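Text of query31.csv (CSV, C-alpha atoms) as supplied:
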```csv
chain,number,residue,atom,x,y,z
A,1,MET,CA,-22.2,-15.2,9.1
A,2,HIS,CA,-25.7,-14.0,10.1
A,3,PHE,CA,-26.1,-11.3,12.7
A,4,ILE,CA,-29.9,-11.6,12.7
A,5,PRO,CA,-32.1,-14.7,12.8
A,6,GLU,CA,-32.0,-16.6,9.5
A,7,GLU,CA,-35.8,-16.2,9.0
A,8,LEU,CA,-35.6,-12.5,9.4
A,9,ASP,CA,-32.5,-12.4,7.1
A,10,ASP,CA,-34.6,-14.2,4.4
A,11,TYR,CA,-37.3,-11.6,4.9
A,12,VAL,CA,-34.8,-8.8,4.3
A,13,VAL,CA,-33.6,-10.5,1.1
A,14,ARG,CA,-37.1,-11.1,-0.2
A,15,HIS,CA,-38.0,-7.4,0.3
A,16,SER,CA,-34.9,-6.1,-1.4
A,17,GLU,CA,-34.3,-5.6,-5.1
A,18,ASP,CA,-34.4,-8.8,-7.2
A,19,GLU,CA,-31.1,-10.4,-8.3
A,20,PRO,CA,-30.6,-9.8,-12.1
A,21,GLU,CA,-30.8,-12.9,-14.2
A,22,LEU,CA,-27.2,-12.8,-15.4
A,23,LEU,CA,-26.0,-12.7,-11.8
A,24,GLN,CA,-28.3,-15.6,-10.9
A,25,LYS,CA,-26.6,-17.6,-13.6
A,26,LEU,CA,-23.2,-16.6,-12.4
A,27,THR,CA,-24.1,-17.7,-8.9
A,28,ARG,CA,-25.3,-21.1,-10.0
A,29,GLU,CA,-22.2,-21.7,-12.1
A,30,THR,CA,-19.8,-20.5,-9.3
A,31,TYR,CA,-21.4,-23.0,-6.9
A,32,GLN,CA,-21.2,-25.8,-9.5
A,33,LYS,CA,-17.6,-25.2,-10.7
A,34,ILE,CA,-15.5,-23.0,-8.4
A,35,LEU,CA,-13.9,-23.7,-5.0
A,36,GLN,CA,-15.0,-21.7,-2.0
A,37,PRO,CA,-18.2,-20.4,-3.6
A,38,ARG,CA,-19.1,-18.7,-0.3
A,39,MET,CA,-16.6,-16.0,-1.3
A,40,LEU,CA,-19.3,-14.7,-3.7
A,41,SER,CA,-20.9,-11.4,-2.7
A,42,GLY,CA,-24.3,-12.9,-3.3
A,43,HIS,CA,-27.8,-11.5,-3.8
A,44,TYR,CA,-28.3,-9.2,-0.9
A,45,GLN,CA,-24.8,-7.7,-0.6
A,46,GLY,CA,-24.6,-7.5,-4.4
A,47,ARG,CA,-27.8,-5.3,-4.4
A,48,LEU,CA,-26.2,-3.2,-1.7
A,49,LEU,CA,-23.0,-2.7,-3.7
A,50,SER,CA,-25.2,-1.8,-6.7
A,51,MET,CA,-27.2,0.8,-4.7
A,52,ILE,CA,-24.0,2.4,-3.3
A,53,SER,CA,-22.5,2.6,-6.7
A,54,LYS,CA,-25.6,4.2,-8.2
A,55,LEU,CA,-25.6,6.8,-5.4
A,56,VAL,CA,-21.9,7.6,-6.0
A,57,ASN,CA,-22.3,7.4,-9.8
A,58,PRO,CA,-18.5,6.9,-10.2
A,59,LYS,CA,-16.4,7.7,-13.2
A,60,THR,CA,-13.7,5.3,-12.1
A,61,ILE,CA,-14.0,2.2,-9.8
A,62,LEU,CA,-11.2,0.1,-8.4
A,63,GLU,CA,-12.0,-3.4,-7.2
A,64,ILE,CA,-9.3,-5.4,-5.4
A,65,GLY,CA,-10.4,-9.1,-5.5
A,66,THR,CA,-12.4,-10.1,-8.6
A,67,TYR,CA,-13.1,-13.8,-7.8
A,68,THR,CA,-15.8,-14.8,-10.4
A,69,GLY,CA,-16.9,-11.3,-11.2
A,70,TYR,CA,-20.1,-11.0,-9.3
A,71,SER,CA,-19.3,-7.9,-7.3
A,72,ALA,CA,-17.7,-6.2,-10.3
A,73,LEU,CA,-20.9,-6.5,-12.2
A,74,CYS,CA,-22.9,-5.1,-9.3
A,75,LEU,CA,-20.6,-2.1,-8.9
A,76,ALA,CA,-20.6,-1.5,-12.7
A,77,GLU,CA,-24.3,-0.8,-12.5
A,78,GLY,CA,-23.6,2.6,-11.1
A,79,LEU,CA,-20.9,3.6,-13.5
A,80,GLN,CA,-21.2,6.8,-15.6
A,81,LYS,CA,-21.6,6.0,-19.3
A,82,ASP,CA,-18.0,6.7,-20.1
A,83,GLY,CA,-16.8,5.3,-16.8
A,84,LYS,CA,-14.3,2.4,-16.2
A,85,LEU,CA,-14.1,-0.3,-13.6
A,86,HIS,CA,-10.6,-1.8,-12.9
A,87,THR,CA,-10.7,-5.2,-11.2
A,88,ILE,CA,-7.7,-7.2,-10.0
A,89,ASP,CA,-7.3,-10.8,-8.9
A,90,ILE,CA,-4.2,-12.8,-8.3
A,91,ASN,CA,-5.8,-16.1,-9.4
A,92,GLU,CA,-5.3,-16.4,-13.1
A,93,GLU,CA,-7.5,-19.5,-13.3
A,94,LEU,CA,-10.6,-17.4,-12.6
A,95,TYR,CA,-9.8,-14.9,-15.4
A,96,ASP,CA,-11.7,-16.6,-18.2
A,97,PHE,CA,-14.7,-17.5,-16.0
A,98,ALA,CA,-15.2,-13.9,-14.9
A,99,GLN,CA,-14.5,-12.5,-18.4
A,100,GLN,CA,-17.3,-14.5,-20.0
A,101,TYR,CA,-19.8,-12.9,-17.7
A,102,PHE,CA,-18.3,-9.4,-18.2
A,103,ASP,CA,-18.6,-10.0,-22.0
A,104,ALA,CA,-22.3,-11.1,-21.6
A,105,SER,CA,-23.1,-7.9,-19.6
A,106,ASP,CA,-24.0,-4.4,-20.6
A,107,TYR,CA,-20.6,-3.3,-19.2
A,108,LYS,CA,-18.3,-5.4,-21.3
A,109,ASP,CA,-16.6,-2.3,-22.7
A,110,GLN,CA,-16.2,-0.7,-19.3
A,111,ILE,CA,-14.7,-3.4,-17.2
A,112,ILE,CA,-10.9,-3.9,-17.3
A,113,GLN,CA,-9.6,-7.1,-15.8
A,114,TYR,CA,-6.1,-7.6,-14.4
A,115,THR,CA,-4.3,-10.7,-13.1
A,116,GLY,CA,-1.5,-10.4,-10.6
A,117,ASN,CA,-0.5,-8.7,-7.4
A,118,ALA,CA,-2.7,-5.7,-6.8
A,119,ILE,CA,0.1,-3.9,-5.0
A,120,ASP,CA,2.2,-4.1,-8.2
A,121,ILE,CA,-0.7,-3.3,-10.6
A,122,ILE,CA,-2.5,-0.4,-8.9
A,123,PRO,CA,0.4,2.1,-9.4
A,124,ASP,CA,0.2,1.4,-13.1
A,125,ILE,CA,-3.4,2.5,-13.3
A,126,SER,CA,-3.4,6.1,-14.3
A,127,GLU,CA,-6.8,7.3,-13.0
A,128,ASN,CA,-7.8,8.3,-9.5
A,129,PHE,CA,-10.8,6.6,-8.1
A,130,ASP,CA,-14.3,7.6,-7.0
A,131,LEU,CA,-15.2,4.2,-5.5
A,132,VAL,CA,-12.9,1.4,-4.3
A,133,PHE,CA,-14.0,-2.1,-3.2
A,134,ILE,CA,-11.5,-4.1,-1.2
A,135,ASP,CA,-12.2,-7.8,-0.9
A,136,ALA,CA,-9.0,-9.7,-1.3
A,137,ASP,CA,-6.3,-11.2,1.0
A,138,LYS,CA,-6.9,-9.8,4.5
A,139,PRO,CA,-3.3,-9.4,5.6
A,140,ASN,CA,-2.8,-6.8,2.9
A,141,TYR,CA,-5.9,-4.7,3.7
A,142,PRO,CA,-3.8,-2.0,5.5
A,143,ASN,CA,-1.3,-2.0,2.5
A,144,TYR,CA,-4.2,-1.6,0.0
A,145,PHE,CA,-5.6,1.3,2.0
A,146,ASN,CA,-2.2,3.1,2.2
A,147,LEU,CA,-1.8,2.6,-1.5
A,148,ILE,CA,-5.1,4.0,-2.6
A,149,ILE,CA,-6.0,6.7,-0.1
A,150,ASP,CA,-4.1,9.4,-1.9
A,151,ARG,CA,-5.6,8.2,-5.2
A,152,LEU,CA,-9.2,8.5,-3.9
A,153,ASN,CA,-11.0,11.6,-5.1
A,154,PRO,CA,-12.6,14.0,-2.6
A,155,SER,CA,-15.8,12.4,-1.3
A,156,GLY,CA,-14.7,9.1,-2.8
A,157,ILE,CA,-15.8,5.9,-1.1
A,158,ILE,CA,-13.9,2.9,0.1
A,159,LEU,CA,-15.9,-0.3,0.7
A,160,SER,CA,-14.1,-2.9,2.8
A,161,ASP,CA,-15.5,-6.4,3.0
A,162,ASN,CA,-15.2,-9.2,5.6
A,163,VAL,CA,-14.2,-6.7,8.3
A,164,LEU,CA,-15.9,-8.7,11.1
A,165,TRP,CA,-14.2,-12.0,9.9
A,166,SER,CA,-16.9,-14.2,11.4
A,167,GLY,CA,-16.6,-12.5,14.7
A,168,LYS,CA,-12.9,-13.3,15.0
A,169,VAL,CA,-12.1,-9.6,15.4
A,170,LEU,CA,-13.2,-10.0,19.0
A,171,ASP,CA,-10.8,-12.9,19.6
A,172,LYS,CA,-7.7,-12.0,21.5
A,173,THR,CA,-6.3,-15.5,21.4
A,174,PHE,CA,-5.9,-16.1,17.7
A,175,LYS,CA,-3.2,-18.6,16.6
A,176,LYS,CA,0.2,-17.4,15.4
A,177,GLU,CA,-0.4,-18.8,12.0
A,178,ASP,CA,-3.6,-16.7,11.7
A,179,LEU,CA,-2.4,-13.6,9.8
A,180,SER,CA,-5.8,-12.4,8.7
A,181,THR,CA,-7.5,-11.7,12.1
A,182,PRO,CA,-4.8,-9.4,13.5
A,183,ALA,CA,-4.5,-7.6,10.2
A,184,LEU,CA,-8.3,-6.9,10.1
A,185,ILE,CA,-8.2,-5.8,13.8
A,186,GLU,CA,-5.4,-3.3,12.8
A,187,TYR,CA,-7.2,-2.3,9.7
A,188,ASN,CA,-10.5,-1.5,11.5
A,189,LYS,CA,-8.5,0.7,13.9
A,190,LEU,CA,-6.8,2.4,11.0
A,191,LEU,CA,-10.2,3.2,9.4
A,192,LYS,CA,-11.6,4.5,12.7
A,193,ASN,CA,-8.6,6.7,13.5
A,194,ASP,CA,-7.5,8.1,10.1
A,195,LYS,CA,-8.7,11.7,9.9
A,196,ARG,CA,-8.8,11.7,6.1
A,197,ILE,CA,-11.9,9.6,6.1
A,198,GLU,CA,-15.2,9.1,8.0
A,199,THR,CA,-16.2,5.5,8.5
A,200,VAL,CA,-19.3,3.5,9.4
A,201,LEU,CA,-19.0,-0.3,9.9
A,202,LEU,CA,-22.1,-2.2,9.0
A,203,PRO,CA,-22.9,-5.7,10.4
A,204,ILE,CA,-24.0,-6.9,7.0
A,205,ARG,CA,-23.0,-10.5,6.1
A,206,ASP,CA,-19.4,-10.7,7.3
A,207,GLY,CA,-19.1,-7.0,8.0
A,208,LEU,CA,-18.9,-4.2,5.4
A,209,THR,CA,-17.2,-0.8,6.1
A,210,ILE,CA,-18.1,2.4,4.2
A,211,SER,CA,-15.4,5.0,4.4
A,212,ARG,CA,-15.8,8.4,2.8
A,213,LYS,CA,-12.8,10.7,2.0
A,214,VAL,CA,-13.4,14.1,3.6
```
If you took the structure in this file and wrote it as structure tokens, what would it be?
Amino acid sequence: MHFIPEELDDYVVRHSEDEPELLQKLTRETYQKILQPRMLSGHYQGRLLSMISKLVNPKTILEIGTYTGYSALCLAEGLQKDGKLHTIDINEELYDFAQQYFDASDYKDQIIQYTGNAIDIIPDISENFDLVFIDADKPNYPNYFNLIIDRLNPSGIILSDNVLWSGKVLDKTFKKEDLSTPALIEYNKLLKNDKRIETVLLPIRDGLTISRKV
């Protein structure tokens, strides 16, 4: 979803940092071989994730929702030299695809990939987190937040993707079978009202929220 005219959006992308070659290759292969390639973070959002990670300079990153590994590689660019990125996805069919790109990157020894239900996996990760990126099944966003907030280090950052949900968060007539829209509406309220964090919602792509633990 574009919140500014496409021509201006293209200008923004052209005047932002170039997409690394490995990520260009990952994008091409994702569009050629994988269903729902629009789930990819993409050039502009990927450079934003990279920039935020470099500013935070995290020791430990948690990513909920690996997909084909694009966002994990962007976030890994800001890791400390001895840092680790834990990335979780429920789709086991994407594991090898993402792993080949992790292995081809400079961060192959820093990225730990998990397959399964994040709610079950996160409690078994021993570290607390400096940076968390949530980009998985929308109905569980509130559950993910509640699971990780006490594991987030002071001044730690939570990035939440797709929080505008193509504008559906303004829709008060969503269908009963639509579980994602009401969950995201509730999640956005949660982030706004929880006093443990301060939050800014950015109208970037499909909406990206930055929340900082106070």
Pairwise distance for atom CA of A:Lys25 and atom CA of A:Leu159, rounded to one decimal in Å: 24.9 Å
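Excluding A:Lys168 itself and same-chain residues fewer than 4 positions from it, the residues having an atom within 12 Å of it are Met1, Asn162, Val163, Leu164, Lys172, Thr173, Phe174, Lys175, Asp178, Leu179, Ser180, Thr181, Pro182, Ala183, Leu184, Ile185, Asp206 and Gly207 of chain A, counting all atoms listed in the file.
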Separation of atom CA of A:Arg28 from atom CA of A:Tyr11 in Å: 21.4 Å
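Atom pair atom CA of A:Glu63 / atom CA of A:Ala76 has a distance of 10.4 Å (rounded to one decimal).
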Centre and edge lengths of an axis-aligned box around all listed atoms of stretch 181-200 of chain A, with 6 Å added on each side, are to be given in Å to one decimal, as AutoDock Vina command-line options.
```
--center_x -11.9 --center_y 0.0 --center_z 10.0 --size_x 26.8 --size_y 35.4 --size_z 19.8
```
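Taking all atoms listed in the file into account, A:Glu29 lies nearest to A:Gly69 out of the set A:Gly69, A:Gly156, A:Gly116, A:Gly46.
Using all atoms listed in the file, the nearest neighbour of A:Ile148 within the list A:Glu92, A:Ser105, A:Ile64, A:Ile204 is A:Ile64.
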Distance query A:Ser71 at most 8 Å, only C-alpha atoms, self and fewer than 4 positions along chain excluded, as a PyMOL selection string: chain A and resi 40-41+46+49+66+75
Same residues, C-alpha atoms, saved as a PDB file, in the frame of the given file:
```pdb
ATOM      1  CA  LEU A  40     -19.300 -14.700  -3.700  1.00  0.00           C
ATOM      2  CA  SER A  41     -20.900 -11.400  -2.700  1.00  0.00           C
ATOM      3  CA  GLY A  46     -24.600  -7.500  -4.400  1.00  0.00           C
ATOM      4  CA  LEU A  49     -23.000  -2.700  -3.700  1.00  0.00           C
ATOM      5  CA  THR A  66     -12.400 -10.100  -8.600  1.00  0.00           C
ATOM      6  CA  LEU A  75     -20.600  -2.100  -8.900  1.00  0.00           C
TER       7      LEU A  75
END
```
Cut-off 12 Å around (-16.8, -5.3, 4.8) with only C-alpha atoms: residues as a ChimeraX atom specification: /A:41,45,48-49,132-136,138,141,158-166,184,187-188,191,199-211
Emit the selected residues as a short mmCIF file (atom, residue, chain, number, x, y, z; two decimals), keeping the file's coordinate frame, including C-alpha atoms.
```cif
data_model
loop_
_atom_site.label_atom_id
_atom_site.label_comp_id
_atom_site.auth_asym_id
_atom_site.auth_seq_id
_atom_site.Cartn_x
_atom_site.Cartn_y
_atom_site.Cartn_z
CA SER A 41 -20.90 -11.40 -2.70
CA GLN A 45 -24.80 -7.70 -0.60
CA LEU A 48 -26.20 -3.20 -1.70
CA LEU A 49 -23.00 -2.70 -3.70
CA VAL A 132 -12.90 1.40 -4.30
CA PHE A 133 -14.00 -2.10 -3.20
CA ILE A 134 -11.50 -4.10 -1.20
CA ASP A 135 -12.20 -7.80 -0.90
CA ALA A 136 -9.00 -9.70 -1.30
CA LYS A 138 -6.90 -9.80 4.50
CA TYR A 141 -5.90 -4.70 3.70
CA ILE A 158 -13.90 2.90 0.10
CA LEU A 159 -15.90 -0.30 0.70
CA SER A 160 -14.10 -2.90 2.80
CA ASP A 161 -15.50 -6.40 3.00
CA ASN A 162 -15.20 -9.20 5.60
CA VAL A 163 -14.20 -6.70 8.30
CA LEU A 164 -15.90 -8.70 11.10
CA TRP A 165 -14.20 -12.00 9.90
CA SER A 166 -16.90 -14.20 11.40
CA LEU A 184 -8.30 -6.90 10.10
CA TYR A 187 -7.20 -2.30 9.70
CA ASN A 188 -10.50 -1.50 11.50
CA LEU A 191 -10.20 3.20 9.40
CA THR A 199 -16.20 5.50 8.50
CA VAL A 200 -19.30 3.50 9.40
CA LEU A 201 -19.00 -0.30 9.90
CA LEU A 202 -22.10 -2.20 9.00
CA PRO A 203 -22.90 -5.70 10.40
CA ILE A 204 -24.00 -6.90 7.00
CA ARG A 205 -23.00 -10.50 6.10
CA ASP A 206 -19.40 -10.70 7.30
CA GLY A 207 -19.10 -7.00 8.00
CA LEU A 208 -18.90 -4.20 5.40
CA THR A 209 -17.20 -0.80 6.10
CA ILE A 210 -18.10 2.40 4.20
CA SER A 211 -15.40 5.00 4.40
#
```
Spatial neighbours of stretch 21-24 of chain A, 9 Å, all atoms listed in the file, chain gap at least 6 places, as a ChimeraX atom specification: /A:42-43,70,73-74,101,104-105
Exercise: A:Thr30 partners within 10 Å, only C-alpha atoms, chain neighbours under 2 positions left out, as a PDB file with C-alpha atoms, in the coordinates of the input:
```pdb
ATOM      1  CA  GLN A  24     -28.300 -15.600 -10.900  1.00  0.00           C
ATOM      2  CA  LYS A  25     -26.600 -17.600 -13.600  1.00  0.00           C
ATOM      3  CA  LEU A  26     -23.200 -16.600 -12.400  1.00  0.00           C
ATOM      4  CA  THR A  27     -24.100 -17.700  -8.900  1.00  0.00           C
ATOM      5  CA  ARG A  28     -25.300 -21.100 -10.000  1.00  0.00           C
ATOM      6  CA  GLN A  32     -21.200 -25.800  -9.500  1.00  0.00           C
ATOM      7  CA  LYS A  33     -17.600 -25.200 -10.700  1.00  0.00           C
ATOM      8  CA  ILE A  34     -15.500 -23.000  -8.400  1.00  0.00           C
ATOM      9  CA  LEU A  35     -13.900 -23.700  -5.000  1.00  0.00           C
ATOM     10  CA  GLN A  36     -15.000 -21.700  -2.000  1.00  0.00           C
ATOM     11  CA  PRO A  37     -18.200 -20.400  -3.600  1.00  0.00           C
ATOM     12  CA  ARG A  38     -19.100 -18.700  -0.300  1.00  0.00           C
ATOM     13  CA  MET A  39     -16.600 -16.000  -1.300  1.00  0.00           C
ATOM     14  CA  LEU A  40     -19.300 -14.700  -3.700  1.00  0.00           C
ATOM     15  CA  TYR A  67     -13.100 -13.800  -7.800  1.00  0.00           C
ATOM     16  CA  THR A  68     -15.800 -14.800 -10.400  1.00  0.00           C
ATOM     17  CA  GLY A  69     -16.900 -11.300 -11.200  1.00  0.00           C
ATOM     18  CA  TYR A  70     -20.100 -11.000  -9.300  1.00  0.00           C
ATOM     19  CA  PHE A  97     -14.700 -17.500 -16.000  1.00  0.00           C
ATOM     20  CA  ALA A  98     -15.200 -13.900 -14.900  1.00  0.00           C
TER      21      ALA A  98
END
```
Output stretch 65-78 of chain A with N, CA and C atoms present, as a compact mmCIF listing (two decimals), keeping the file's coordinate frame.
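Contents of the output file rebuild-v3.txt:
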```txt
# COMPACT_ATOMS: atom_id res chain seq x y z
N GLY A 65 -9.84 -7.76 -5.81
CA GLY A 65 -10.40 -9.10 -5.50
C GLY A 65 -11.63 -9.32 -6.45
N THR A 66 -11.39 -9.88 -7.63
CA THR A 66 -12.40 -10.10 -8.60
C THR A 66 -13.27 -11.35 -8.30
N TYR A 67 -12.57 -12.41 -7.90
CA TYR A 67 -13.10 -13.80 -7.80
C TYR A 67 -13.84 -14.13 -9.07
N THR A 68 -15.13 -14.41 -9.10
CA THR A 68 -15.80 -14.80 -10.40
C THR A 68 -16.52 -13.65 -11.04
N GLY A 69 -16.37 -12.43 -10.52
CA GLY A 69 -16.90 -11.30 -11.20
C GLY A 69 -18.22 -10.74 -10.74
N TYR A 70 -18.81 -11.38 -9.74
CA TYR A 70 -20.10 -11.00 -9.30
C TYR A 70 -20.17 -9.54 -8.78
N SER A 71 -19.27 -9.22 -7.85
CA SER A 71 -19.30 -7.90 -7.30
C SER A 71 -18.92 -6.81 -8.28
N ALA A 72 -18.05 -7.14 -9.22
CA ALA A 72 -17.70 -6.20 -10.30
C ALA A 72 -18.92 -5.80 -11.10
N LEU A 73 -19.72 -6.79 -11.44
CA LEU A 73 -20.90 -6.50 -12.20
C LEU A 73 -21.92 -5.69 -11.44
N CYS A 74 -22.01 -5.94 -10.13
CA CYS A 74 -22.90 -5.10 -9.30
C CYS A 74 -22.43 -3.67 -9.24
N LEU A 75 -21.15 -3.48 -9.01
CA LEU A 75 -20.60 -2.10 -8.90
C LEU A 75 -20.70 -1.40 -10.26
N ALA A 76 -20.55 -2.12 -11.35
CA ALA A 76 -20.60 -1.50 -12.70
C ALA A 76 -21.96 -0.89 -12.98
N GLU A 77 -23.00 -1.33 -12.28
CA GLU A 77 -24.30 -0.80 -12.50
C GLU A 77 -24.44 0.68 -12.25
N GLY A 78 -23.55 1.22 -11.43
CA GLY A 78 -23.60 2.60 -11.10
C GLY A 78 -22.64 3.50 -11.90
```
